[in-house]
file protein.cif (mmCIF, C-alpha atoms (C1' of nucleotides))
data_start
#
loop_
_atom_site.label_atom_id
_atom_site.label_comp_id
_atom_site.auth_asym_id
_atom_site.auth_seq_id
_atom_site.Cartn_x
_atom_site.Cartn_y
_atom_site.Cartn_z
CA MET A 1 -4.07 1.55 -0.75
CA LYS A 2 -1.90 3.88 1.18
CA LEU A 3 1.29 5.85 1.15
CA SER A 4 4.16 4.46 3.21
CA SER A 5 5.33 6.45 6.20
CA LYS A 6 8.49 7.30 4.27
CA GLY A 7 6.48 9.19 1.69
CA GLN A 8 4.31 10.83 4.31
CA TYR A 9 7.25 11.84 6.48
CA ALA A 10 9.22 13.20 3.53
CA VAL A 11 6.36 15.48 2.52
CA ARG A 12 5.65 16.66 6.06
CA ALA A 13 9.33 17.26 6.80
CA LEU A 14 9.79 19.34 3.67
CA ILE A 15 6.72 21.39 4.42
CA TYR A 16 8.15 22.00 7.88
CA LEU A 17 11.53 22.86 6.41
CA SER A 18 10.03 25.31 3.99
CA TYR A 19 7.73 26.86 6.56
CA ASN A 20 10.45 27.29 9.18
CA SER A 21 13.47 28.32 7.17
CA LYS A 22 13.72 32.09 6.92
CA GLU A 23 13.73 32.89 3.22
CA ASN A 24 14.97 29.38 2.49
CA SER A 25 18.51 30.43 3.31
CA VAL A 26 18.89 29.37 6.94
CA PRO A 27 19.49 25.62 7.21
CA VAL A 28 17.21 23.63 9.48
CA GLY A 29 18.60 20.71 11.46
CA LEU A 30 16.98 17.31 11.49
CA LYS A 31 16.73 17.42 15.27
CA GLU A 32 14.35 20.34 15.01
CA ILE A 33 12.31 18.77 12.24
CA ALA A 34 12.12 15.44 14.07
CA ALA A 35 10.89 17.16 17.22
CA GLY A 36 8.49 19.43 15.38
CA GLU A 37 6.92 16.64 13.35
CA SER A 38 7.23 13.84 15.91
CA ILE A 39 9.34 11.64 13.66
CA SER A 40 12.24 9.43 14.77
CA LEU A 41 15.49 11.30 14.17
CA HIS A 42 17.39 8.32 12.81
CA TYR A 43 14.60 7.42 10.47
CA LEU A 44 14.46 11.00 9.23
CA GLU A 45 18.21 10.88 8.58
CA GLN A 46 17.70 8.02 6.19
CA ILE A 47 14.89 9.81 4.43
CA PHE A 48 16.88 13.01 4.01
CA PHE A 49 19.82 11.07 2.68
CA THR A 50 17.52 9.82 -0.07
CA LEU A 51 16.08 13.27 -0.63
CA LYS A 52 19.56 14.64 -1.03
CA LYS A 53 20.51 11.99 -3.57
CA ALA A 54 17.38 12.91 -5.49
CA GLY A 55 18.49 16.54 -5.53
CA ILE A 56 15.54 17.79 -3.56
CA VAL A 57 17.55 19.18 -0.64
CA LYS A 58 21.12 20.25 -0.04
CA SER A 59 23.00 19.96 3.24
CA LEU A 60 25.38 21.97 5.40
CA ARG A 61 27.47 20.10 7.93
CA GLY A 62 28.70 21.16 11.33
CA PRO A 63 27.24 23.46 13.96
CA LYS A 64 24.39 25.61 12.65
CA GLY A 65 24.24 23.17 9.79
CA GLY A 66 21.21 21.34 8.47
CA TYR A 67 19.22 21.09 5.30
CA LEU A 68 17.96 23.55 2.72
CA LEU A 69 15.53 23.15 -0.13
CA ASN A 70 17.19 22.90 -3.49
CA LYS A 71 14.22 24.45 -5.26
CA LYS A 72 11.74 27.18 -4.58
CA PRO A 73 8.72 25.84 -2.63
CA SER A 74 6.56 26.93 -5.55
CA GLU A 75 8.50 24.58 -7.82
CA LEU A 76 8.63 21.60 -5.51
CA PHE A 77 5.85 19.12 -6.24
CA ILE A 78 4.37 16.62 -3.81
CA GLY A 79 4.62 13.89 -6.44
CA ASP A 80 8.33 14.44 -6.96
CA ILE A 81 8.98 14.20 -3.25
CA ILE A 82 7.04 10.97 -2.89
CA GLU A 83 8.56 9.45 -6.00
CA SER A 84 12.05 10.07 -4.65
CA VAL A 85 11.47 7.81 -1.66
CA GLU A 86 9.01 5.22 -3.04
CA PRO A 87 7.55 4.32 -6.44
CA ILE A 88 4.11 5.68 -7.31
CA GLU A 89 2.80 2.51 -8.91
CA ILE A 90 -0.69 1.33 -8.26
CA THR A 91 0.28 -2.19 -9.39
CA SER A 92 3.64 -3.84 -9.86
CA CYS A 93 2.78 -4.87 -13.43
CA ILE A 94 3.16 -1.30 -14.62
CA SER A 95 6.61 -0.87 -13.08
CA LYS A 96 9.18 0.75 -15.30
CA SER A 97 12.18 -0.41 -13.28
CA LYS A 98 14.22 -3.01 -15.11
CA ALA A 99 14.89 -4.89 -11.88
CA LYS A 100 11.35 -6.17 -11.81
CA LYS A 101 10.51 -8.72 -14.46
CA GLU A 102 7.56 -8.01 -16.70
CA CYS A 103 4.18 -9.53 -15.88
CA GLY A 104 3.52 -12.52 -18.14
CA ARG A 105 -0.20 -11.88 -18.36
CA LYS A 106 0.28 -8.38 -19.72
CA SER A 107 -0.75 -9.20 -23.28
CA VAL A 108 -3.98 -10.91 -22.24
CA CYS A 109 -4.81 -8.76 -19.22
CA LEU A 110 -7.99 -6.75 -19.55
CA ALA A 111 -7.01 -4.54 -16.63
CA PHE A 112 -3.48 -3.57 -17.64
CA ASP A 113 -4.30 -0.44 -19.62
CA MET A 114 -6.66 0.74 -16.91
CA TRP A 115 -4.05 0.39 -14.15
CA ASN A 116 -1.65 2.28 -16.35
CA SER A 117 -4.01 5.13 -16.97
CA VAL A 118 -5.05 5.37 -13.31
CA SER A 119 -1.44 5.39 -12.14
CA LYS A 120 -0.60 8.14 -14.59
CA LYS A 121 -3.50 10.26 -13.41
CA ILE A 122 -2.54 9.85 -9.76
CA THR A 123 1.00 10.96 -10.58
CA GLU A 124 -0.40 13.98 -12.42
CA LEU A 125 -2.61 14.79 -9.46
CA LEU A 126 0.30 14.66 -7.02
CA ASN A 127 2.38 16.76 -9.35
CA SER A 128 -0.24 19.45 -9.55
CA ILE A 129 0.40 20.43 -5.91
CA THR A 130 3.46 22.28 -4.65
CA ILE A 131 4.77 22.74 -1.12
CA GLN A 132 3.94 26.42 -1.52
CA ASP A 133 0.32 25.57 -2.27
CA VAL A 134 0.04 23.63 0.96
CA ILE A 135 1.58 26.42 3.00
CA ASP A 136 -0.57 29.11 1.37
CA GLU A 137 -3.71 27.17 2.07
CA TYR A 138 -2.71 26.69 5.69
CA LYS A 139 -1.99 30.39 6.19
CA GLN A 140 -5.29 31.32 4.59
CA LYS A 141 -7.15 28.89 6.79
CA LYS A 142 -5.49 30.24 9.93
CA GLN A 143 -6.64 33.77 9.12
CA ILE A 144 -10.31 32.85 8.96
CA MET B 145 2.20 3.59 -2.94
CA LYS B 146 0.41 0.63 -4.30
CA LEU B 147 -2.78 -1.35 -4.26
CA SER B 148 -2.71 -4.62 -2.31
CA SER B 149 -3.15 -7.84 -4.24
CA LYS B 150 -6.62 -8.16 -2.71
CA GLY B 151 -7.77 -5.03 -4.48
CA GLN B 152 -6.06 -5.97 -7.70
CA TYR B 153 -7.42 -9.51 -7.66
CA ALA B 154 -10.95 -8.37 -6.84
CA VAL B 155 -11.01 -6.03 -9.81
CA ARG B 156 -9.49 -8.57 -12.20
CA ALA B 157 -11.78 -11.34 -11.02
CA LEU B 158 -14.88 -9.22 -11.49
CA ILE B 159 -13.78 -8.17 -14.95
CA TYR B 160 -13.31 -11.86 -15.76
CA LEU B 161 -16.68 -12.69 -14.26
CA SER B 162 -18.42 -10.03 -16.24
CA TYR B 163 -16.60 -10.88 -19.47
CA ASN B 164 -17.26 -14.61 -19.19
CA SER B 165 -20.79 -14.82 -17.85
CA LYS B 166 -23.31 -15.01 -20.64
CA GLU B 167 -25.67 -12.08 -20.16
CA ASN B 168 -24.72 -11.98 -16.47
CA SER B 169 -27.16 -14.79 -15.74
CA VAL B 170 -24.94 -17.87 -15.80
CA PRO B 171 -22.94 -18.19 -12.58
CA VAL B 172 -19.19 -18.57 -12.87
CA GLY B 173 -17.31 -20.77 -10.41
CA LEU B 174 -14.26 -19.61 -8.55
CA LYS B 175 -12.27 -22.54 -9.92
CA GLU B 176 -12.64 -21.14 -13.40
CA ILE B 177 -11.81 -17.60 -12.35
CA ALA B 178 -8.80 -18.74 -10.33
CA ALA B 179 -7.48 -20.69 -13.32
CA GLY B 180 -8.25 -17.93 -15.80
CA GLU B 181 -6.62 -15.19 -13.77
CA SER B 182 -3.86 -17.27 -12.14
CA ILE B 183 -5.01 -16.52 -8.63
CA SER B 184 -4.94 -18.94 -5.69
CA LEU B 185 -8.39 -20.52 -5.30
CA HIS B 186 -8.48 -20.31 -1.52
CA TYR B 187 -7.37 -16.72 -1.54
CA LEU B 188 -10.06 -15.90 -4.10
CA GLU B 189 -12.66 -17.55 -1.86
CA GLN B 190 -11.84 -15.09 0.90
CA ILE B 191 -12.02 -12.18 -1.48
CA PHE B 192 -15.39 -13.22 -2.88
CA PHE B 193 -16.74 -13.74 0.60
CA THR B 194 -15.95 -10.11 1.25
CA LEU B 195 -17.37 -9.03 -2.09
CA LYS B 196 -20.59 -10.82 -1.27
CA LYS B 197 -20.89 -9.17 2.13
CA ALA B 198 -20.41 -5.83 0.36
CA GLY B 199 -23.30 -6.68 -1.96
CA ILE B 200 -21.20 -6.65 -5.09
CA VAL B 201 -21.83 -10.27 -6.06
CA LYS B 202 -24.41 -12.91 -5.26
CA SER B 203 -23.78 -16.64 -5.04
CA LEU B 204 -25.36 -19.93 -6.04
CA ARG B 205 -24.26 -23.08 -4.25
CA GLY B 206 -23.96 -26.61 -5.48
CA PRO B 207 -22.99 -28.03 -8.87
CA LYS B 208 -23.22 -25.47 -11.68
CA GLY B 209 -23.15 -22.89 -8.93
CA GLY B 210 -20.83 -19.93 -8.66
CA TYR B 211 -21.02 -16.18 -8.52
CA LEU B 212 -23.00 -13.53 -10.36
CA LEU B 213 -22.66 -9.77 -10.44
CA ASN B 214 -25.25 -8.00 -8.35
CA LYS B 215 -25.18 -4.94 -10.57
CA LYS B 216 -24.90 -4.21 -14.26
CA PRO B 217 -21.23 -3.93 -15.33
CA SER B 218 -21.98 -0.39 -16.43
CA GLU B 219 -22.96 0.46 -12.86
CA LEU B 220 -20.10 -1.30 -11.10
CA PHE B 221 -17.25 1.09 -10.32
CA ILE B 222 -13.61 0.17 -9.80
CA GLY B 223 -13.48 2.32 -6.68
CA ASP B 224 -16.41 0.53 -5.04
CA ILE B 225 -14.79 -2.83 -5.68
CA ILE B 226 -11.48 -1.77 -4.19
CA GLU B 227 -13.10 -0.06 -1.24
CA SER B 228 -14.97 -3.23 -0.36
CA VAL B 229 -11.75 -5.17 0.23
CA GLU B 230 -9.38 -2.45 1.47
CA PRO B 231 -9.66 1.20 2.50
CA ILE B 232 -8.75 3.83 -0.08
CA GLU B 233 -6.86 6.09 2.30
CA ILE B 234 -3.63 7.67 1.28
CA THR B 235 -2.75 8.20 4.96
CA SER B 236 -4.16 6.70 8.13
CA CYS B 237 -4.83 10.13 9.62
CA ILE B 238 -7.76 10.66 7.30
CA SER B 239 -9.42 7.35 8.21
CA LYS B 240 -13.13 7.53 8.86
CA SER B 241 -13.32 4.22 10.71
CA LYS B 242 -14.01 4.66 14.39
CA ALA B 243 -11.72 1.77 15.28
CA LYS B 244 -8.68 3.86 14.50
CA LYS B 245 -8.03 6.65 16.96
CA GLU B 246 -7.71 10.14 15.58
CA CYS B 247 -4.26 11.57 14.86
CA GLY B 248 -3.26 13.95 17.63
CA ARG B 249 -1.40 16.28 15.32
CA LYS B 250 -4.45 16.89 13.15
CA SER B 251 -5.14 20.41 14.36
CA VAL B 252 -1.58 21.62 13.81
CA CYS B 253 -0.77 19.54 10.74
CA LEU B 254 -0.09 21.54 7.60
CA ALA B 255 -0.52 18.48 5.41
CA PHE B 256 -3.81 17.14 6.72
CA ASP B 257 -6.13 19.02 4.38
CA MET B 258 -3.95 18.17 1.42
CA TRP B 259 -4.00 14.43 2.16
CA ASN B 260 -7.73 14.66 2.52
CA SER B 261 -8.22 16.38 -0.78
CA VAL B 262 -5.85 14.04 -2.62
CA SER B 263 -7.55 10.97 -1.18
CA LYS B 264 -10.94 12.28 -2.22
CA LYS B 265 -9.76 12.92 -5.76
CA ILE B 266 -8.28 9.44 -6.05
CA THR B 267 -11.57 7.94 -4.91
CA GLU B 268 -13.40 10.05 -7.49
CA LEU B 269 -10.98 8.93 -10.16
CA LEU B 270 -11.50 5.25 -9.34
CA ASN B 271 -15.24 5.78 -9.25
CA SER B 272 -15.27 7.31 -12.69
CA ILE B 273 -14.44 3.94 -14.25
CA THR B 274 -16.83 1.00 -14.56
CA ILE B 275 -16.15 -2.65 -15.32
CA GLN B 276 -18.01 -2.09 -18.59
CA ASP B 277 -15.61 0.72 -19.53
CA VAL B 278 -12.64 -1.62 -19.10
CA ILE B 279 -14.25 -4.34 -21.18
CA ASP B 280 -15.31 -1.95 -23.92
CA GLU B 281 -11.82 -0.55 -24.20
CA TYR B 282 -10.35 -4.03 -24.41
CA LYS B 283 -12.76 -5.09 -27.17
CA GLN B 284 -12.05 -1.93 -29.12
CA LYS B 285 -8.31 -2.47 -28.79
CA LYS B 286 -8.59 -6.05 -29.99
CA GLN B 287 -10.38 -4.95 -33.18
CA ILE B 288 -7.59 -2.60 -34.26
"C1'" DA C 289 40.16 20.64 20.21
"C1'" DT C 290 35.51 20.19 20.84
"C1'" DT C 291 30.96 20.29 19.58
"C1'" DT C 292 27.40 19.86 16.26
"C1'" DA C 293 25.31 17.73 12.70
"C1'" DA C 294 25.43 15.04 8.37
"C1'" DT C 295 26.93 10.35 6.19
"C1'" DA C 296 26.80 5.46 6.08
"C1'" DT C 297 25.74 0.75 7.48
"C1'" DA C 298 23.91 -2.88 9.95
"C1'" DG C 299 20.55 -4.92 12.43
"C1'" DC C 300 16.26 -5.49 14.94
"C1'" DT C 301 11.08 -5.85 15.67
"C1'" DT C 302 6.44 -5.69 14.45
"C1'" DT C 303 2.94 -5.76 11.19
"C1'" DT C 304 0.68 -7.13 7.25
"C1'" DG C 305 0.29 -9.28 2.96
"C1'" DA C 306 -0.36 -13.43 0.81
"C1'" DG C 307 -1.48 -17.86 0.80
"C1'" DT C 308 -2.74 -22.74 3.15
"C1'" DA C 309 -5.43 -25.89 5.56
"C1'" DT C 310 -9.47 -27.77 7.09
"C1'" DA C 311 -14.07 -28.44 8.28
"C1'" DT C 312 -19.01 -27.47 7.33
"C1'" DA C 313 -23.21 -26.47 4.72
"C1'" DA C 314 -26.09 -26.23 0.78
"C1'" DT C 315 -27.53 -27.78 -3.77
"C1'" DG C 316 -28.04 -30.40 -8.16
"C1'" DC C 317 -28.06 -34.63 -10.34
"C1'" DA C 318 -27.65 -39.68 -11.09
"C1'" DT D 319 -30.71 -41.52 -1.38
"C1'" DG D 320 -26.19 -40.47 -1.76
"C1'" DC D 321 -22.42 -38.47 -4.08
"C1'" DA D 322 -20.14 -34.77 -6.30
"C1'" DT D 323 -19.79 -29.94 -6.53
"C1'" DT D 324 -19.48 -25.51 -4.95
"C1'" DA D 325 -19.91 -21.92 -1.46
"C1'" DT D 326 -19.24 -20.57 3.74
"C1'" DA D 327 -16.35 -19.96 7.61
"C1'" DT D 328 -12.21 -20.02 10.55
"C1'" DA D 329 -7.83 -20.54 11.83
"C1'" DC D 330 -3.23 -20.73 10.90
"C1'" DT D 331 1.53 -20.24 8.62
"C1'" DC D 332 5.19 -17.99 6.41
"C1'" DA D 333 7.90 -14.48 4.33
"C1'" DA D 334 8.66 -9.90 3.28
"C1'" DA D 335 8.52 -5.35 4.12
"C1'" DA D 336 7.77 -1.40 6.89
"C1'" DG D 337 9.33 1.06 10.43
"C1'" DC D 338 12.60 2.00 13.50
"C1'" DT D 339 17.15 1.67 16.39
"C1'" DA D 340 22.12 1.45 17.05
"C1'" DT D 341 26.61 2.63 16.13
"C1'" DA D 342 30.25 4.30 13.84
"C1'" DT D 343 32.54 7.77 10.93
"C1'" DT D 344 33.24 12.23 8.63
"C1'" DA D 345 33.03 17.13 7.98
"C1'" DA D 346 32.62 21.84 9.39
"C1'" DA D 347 32.23 25.79 12.60
"C1'" DT D 348 33.78 27.96 16.69
#
call {"tool": "encode", "arguments": {"input": "protein.cif", "output": "structure tokens"}}
result
Amino acid sequence: MKLSSKGQYAVRALIYLSYNSKENSVPVGLKEIAAGESISLHYLEQIFFTLKKAGIVKSLRGPKGGYLLNKKPSELFIGDIIESVEPIEITSCISKSKAKKECGRKSVCLAFDMWNSVSKKITELLNSITIQDVIDEYKQKKQI
Amino acid sequence: MKLSSKGQYAVRALIYLSYNSKENSVPVGLKEIAAGESISLHYLEQIFFTLKKAGIVKSLRGPKGGYLLNKKPSELFIGDIIESVEPIEITSCISKSKAKKECGRKSVCLAFDMWNSVSKKITELLNSITIQDVIDEYKQKKQI
DNA sequence: ATTTAATATAGCTTTTGAGTATATAATGCA
DNA sequence: TGCATTATATACTCAAAAGCTATATTAAAT
């Protein structure tokens, strides 16, 4: 039961972006993020393309270009970031996407409601943490 | 972010076992469980082998043999079942197993503590639910 | 015009999930 | 005793997905 690297990278990259962009107004290039977080540049490009489509970041092309957060770090939730690059679904039977066909055992499955409730709680947990929270905690820890 | 089929099957199979074994003293064969839950028999054998090694079930060989729960359903937690067949680790960097080498970025990683805390909370969540809870809820739902 | 960096696809490689296959060992029952 | 039944134990296959690479193209700043 683990998060894919896409989800992990997206979160780490956005923390980096937020932490390293002066007042969230100076765009940060992917080259810098890739180097700073040890992530493949091309792979990161794909991830940021998705993040942009989800409205989480905005981009500036050309020299001195890069990416900017579309929201304040205190309003950007870990869960929203992850959900934009991969579904947060503990089991496929609880999927809401219409592409996936419904599980036939649903009506007789003793576990279905439990999976549903667990998945919901995990989403709530991930959406109770913002990028700002993570940064604040790190700064506090560094001081000690 | 999803549970592997091993984890899902293990939980479903044990709910079935608990629900269908009279007073938890009559062993239930894998053939029956496989048919009842639409799971491949051979695959289920592997899973139950693991569950036995983890001390979650005990077995009886020969005709009329099968598996029995090693604990009362009210003392058997979803999290323990899942953890016996796959690690509950949101990221590999928080792995406790010595086989996996430690992540080199750990000391400079802003996200590490957050992953750790999230993983812990998910484990707690899964260990707040017992097999008995799931069965009780199902019975209650059926009455309405 | 040239450089920098994002946009957009296409394709490759490795791992793991999921399931099969097969052989052996123990037990109950006729 | 011997046969059927069920668990134990490995080893192997196959497909899909994860993870990453490669290669253009497009846009903007200087």
call {"tool": "residues_around", "arguments": {"input": "protein.cif", "residues": "range 332-338 of chain D", "least_positions_apart": "4", "cutoff": "8 Å", "atoms": "all atoms listed in the file", "output": "number ranges by chain"}}
result
A: 4-5, 40, 42-43; C: 303
call {"tool": "interface_residues", "arguments": {"input": "protein.cif", "of": "chain C", "to": "chain A", "cutoff": "7 Å", "atoms": "all atoms listed in the file", "output": "ChimeraX atom specification"}}
result
/C:292-294
call {"tool": "atom_distance", "arguments": {"input": "protein.cif", "atom1": "CA of Thr50 in chain A", "atom2": "CA of Ser92 in chain A"}}
result
21.8 Å
call {"tool": "atom_distance", "arguments": {"input": "protein.cif", "atom1": "CA of Ile47 in chain A", "atom2": "C1' of DT295 in chain C"}}
result
12.2 Å
call {"tool": "interface_residues", "arguments": {"input": "protein.cif", "of": "chain D", "to": "chain A", "cutoff": "7 Å", "atoms": "only C-alpha atoms (C1' of nucleotides)", "output": "number ranges by chain"}}
result
D: 338, 345-347
call {"tool": "write_last_selection", "arguments": {"input": "protein.cif", "atoms": "C-alpha atoms (C1' of nucleotides)", "output": "compact mmCIF listing (two decimals), in the frame of the given file"}}
result
# COMPACT_ATOMS: atom_id res chain seq x y z
C1' DC D 338 12.60 2.00 13.50
C1' DA D 345 33.03 17.13 7.98
C1' DA D 346 32.62 21.84 9.39
C1' DA D 347 32.23 25.79 12.60
call {"tool": "residues_around", "arguments": {"input": "protein.cif", "residues": "range 102-118 of chain A", "least_positions_apart": "6", "cutoff": "7 Å", "atoms": "all atoms listed in the file", "output": "MDAnalysis selection string"}}
result
(chainID A and resid 90:91 93:94) or (chainID B and resid 156 278:279 282)
call {"tool": "interface_residues", "arguments": {"input": "protein.cif", "of": "chain B", "to": "chain A", "cutoff": "6 Å", "atoms": "all atoms listed in the file", "output": "list in words"}}
result
Met145, Lys146, Leu147, Ile232, Glu233, Ile234 and Thr235 of chain B
call {"tool": "atom_distance", "arguments": {"input": "protein.cif", "atom1": "C1' of DA327 in chain D", "atom2": "C1' of DG307 in chain C"}}
result
16.5 Å
